[in-house]
Amino acid sequence: MHHIQYGTKQITFSIANRKRKSIAVEVHPDTSVQIKAPLDCRLEDIKRIVSKRSKWIITQQKFFEQFLPETPKREYVPGETHSYLGRKYMLKVIESEENKVKLQGGYLVAYSQDSTEENIKHLLTEWYYKRATKVFAKVYDEAFQKFNQYNIPKPEMQIKRMKNRWGSYTSSGNILINPELIKASSICIDYVFTHELCHFIERNHSKRFYNLLEKIAPDWQRWKLKLEKTI
Ligand SMILES: [Zn+2]
């Protein structure tokens with residue numbers, strides 16, 4: 001994301017580099033601004049064009065705004081709570097040269113020079129994803145150990161955004177896991193992996209599937225309920 005200042009307003013835009021000769025400015029119905037630019041285009045040239053078109057961009061955004069639903073909840077502002085591994089943390093934003101996110105003294109602290117909600121959302125999403133990569137690998141290893149006696153090859157784990165599910169398995173033998181799950185406690189993450197691993201022995205949600213799940217994770221219903229409640 002890039003920005004330019006126009007009077008008191010800030011215009012945020014993204015750049016899509018394409019094989020093309022000229023720079024095109026687009027305002028989308030969600031009021032986002034996208035610049036289509038030649039592959040070797042310099043940022044300062046793009047910024048110059050955006051500046052020149054500022055008035056037009058703002059008129060377009062105002063036009064589209066009237067069709068937008070009520071403004072969404074401002075989740076990425078200080079004071080909002082965010083979950084991580086089953087705990088809630090209040091968000092703090094601290095001005096800093098360096099972009100980073102840290103858990104500090106019970107707070108989730110975002111350090112950045114740019115405190116716009118959009119940038120904070122970007123930073124947090126990136127941080128959650130990085131944490132998910134680390135934590136999931138560890139929890140998955142532990143969950144898989146419970147399947148030692150079944151002699152199944154270890155499916156590859158892939159983090160994938162999914163709309164309505166925490167986990168899934170593919171016909172090619174991979175386990176897909178939703179990065180949003182990093183907001184739930186590790187026992188809930190373990191439950192999702194355990195459930196999916198059971199599918200490598202019993203494909204369908206049959207009686208046999210649930211017997212197996214029960215055997216490997218006798219408390220699974222508790223963790224399922226906890227997962228439904230936490231997020
Ligand atoms: Zn299932």
# chains A, B, ... in the order shown; residues from 1 in each chain; ligands from 1
>>> select_by_dssp(residues="range 45-209 of chain A", states="strand (DSSP E)", output="PyMOL selection string")
chain A and resi 81-84+87-95+100-104+107-112+156-159+167-169+174-177
>>> residues_near_ligand(ligand="ligand 1", cutoff="8 Å", atoms="only C-alpha atoms and all ligand atoms", output="ChimeraX atom specification")
/A:168,195-196,199,204-205
>>> write_last_selection(atoms="C-alpha atoms", output="mmCIF file, in the first residue's frame")
data_model
loop_
_atom_site.group_PDB
_atom_site.id
_atom_site.type_symbol
_atom_site.label_atom_id
_atom_site.label_comp_id
_atom_site.auth_asym_id
_atom_site.auth_seq_id
_atom_site.Cartn_x
_atom_site.Cartn_y
_atom_site.Cartn_z
ATOM 1 C CA SER A 168 -9.930 -30.018 5.897
ATOM 2 C CA HIS A 195 -10.037 -34.691 13.703
ATOM 3 C CA GLU A 196 -8.459 -34.290 10.262
ATOM 4 C CA HIS A 199 -9.958 -38.924 8.302
ATOM 5 C CA ASN A 204 -16.333 -40.292 6.398
ATOM 6 C CA HIS A 205 -18.023 -39.092 9.548
#
>>> residues_around(residues="Ser14 in chain A", least_positions_apart="5", cutoff="9 Å", atoms="only C-alpha atoms", output="list of chain:residue names")
A:Met1, A:His2, A:His3, A:Ser32, A:Val33, A:Gln34, A:Ile35, A:Lys36
>>> residues_around(residues="Cys41 in chain A", least_positions_apart="5", cutoff="12 Å", atoms="only C-alpha atoms", output="count of residues only")
16
>>> residues_around(residues="Ser172 in chain A", least_positions_apart="2", cutoff="12 Å", atoms="only C-alpha atoms", output="mmCIF file with N, CA and C atoms, in the first residue's frame")
data_model
loop_
_atom_site.group_PDB
_atom_site.id
_atom_site.type_symbol
_atom_site.label_atom_id
_atom_site.label_comp_id
_atom_site.auth_asym_id
_atom_site.auth_seq_id
_atom_site.Cartn_x
_atom_site.Cartn_y
_atom_site.Cartn_z
ATOM 1 N N PRO A 155 0.677 -36.725 6.688
ATOM 2 C CA PRO A 155 0.207 -35.823 5.632
ATOM 3 C C PRO A 155 0.904 -34.466 5.729
ATOM 4 N N GLU A 156 1.052 -33.823 4.610
ATOM 5 C CA GLU A 156 1.667 -32.496 4.611
ATOM 6 C C GLU A 156 0.639 -31.488 5.095
ATOM 7 N N MET A 157 1.071 -30.558 5.928
ATOM 8 C CA MET A 157 0.155 -29.556 6.454
ATOM 9 C C MET A 157 0.302 -28.263 5.657
ATOM 10 N N SER A 168 -9.378 -29.191 6.960
ATOM 11 C CA SER A 168 -9.930 -30.018 5.897
ATOM 12 C C SER A 168 -8.816 -30.920 5.388
ATOM 13 N N TYR A 169 -9.178 -31.932 4.611
ATOM 14 C CA TYR A 169 -8.119 -32.734 4.005
ATOM 15 C C TYR A 169 -8.389 -32.841 2.517
ATOM 16 N N THR A 170 -7.331 -33.003 1.747
ATOM 17 C CA THR A 170 -7.498 -33.040 0.303
ATOM 18 C C THR A 170 -7.343 -34.464 -0.212
ATOM 19 N N ASN A 174 -3.272 -34.092 1.751
ATOM 20 C CA ASN A 174 -2.758 -33.004 2.587
ATOM 21 C C ASN A 174 -3.811 -32.567 3.601
ATOM 22 N N ILE A 175 -3.317 -31.979 4.686
ATOM 23 C CA ILE A 175 -4.236 -31.390 5.655
ATOM 24 C C ILE A 175 -4.188 -29.884 5.477
ATOM 25 N N LEU A 176 -5.365 -29.283 5.325
ATOM 26 C CA LEU A 176 -5.442 -27.830 5.212
ATOM 27 C C LEU A 176 -5.901 -27.280 6.553
ATOM 28 N N PHE A 200 -7.743 -39.805 7.809
ATOM 29 C CA PHE A 200 -6.809 -40.589 7.007
ATOM 30 C C PHE A 200 -6.921 -42.080 7.333
#
>>> closest_atom_pairs(of="range 96-122 of chain A", to="range 83-91 of chain A", cutoff="10 Å", atoms="only C-alpha atoms", output="tab-separated table")
residue	atom	partner	partner_atom	distance
A:Leu103	CA	A:Tyr89	CA	8.3
A:Gln104	CA	A:Tyr89	CA	9.5
A:Gly105	CA	A:Tyr89	CA	9.6
A:Gly106	CA	A:Tyr89	CA	6.1
A:Tyr107	CA	A:Met90	CA	5.1
A:Leu108	CA	A:Leu91	CA	4.9
A:Val109	CA	A:Leu91	CA	5.9
A:Ala110	CA	A:Leu91	CA	7.4
A:Ile120	CA	A:Leu91	CA	9.9
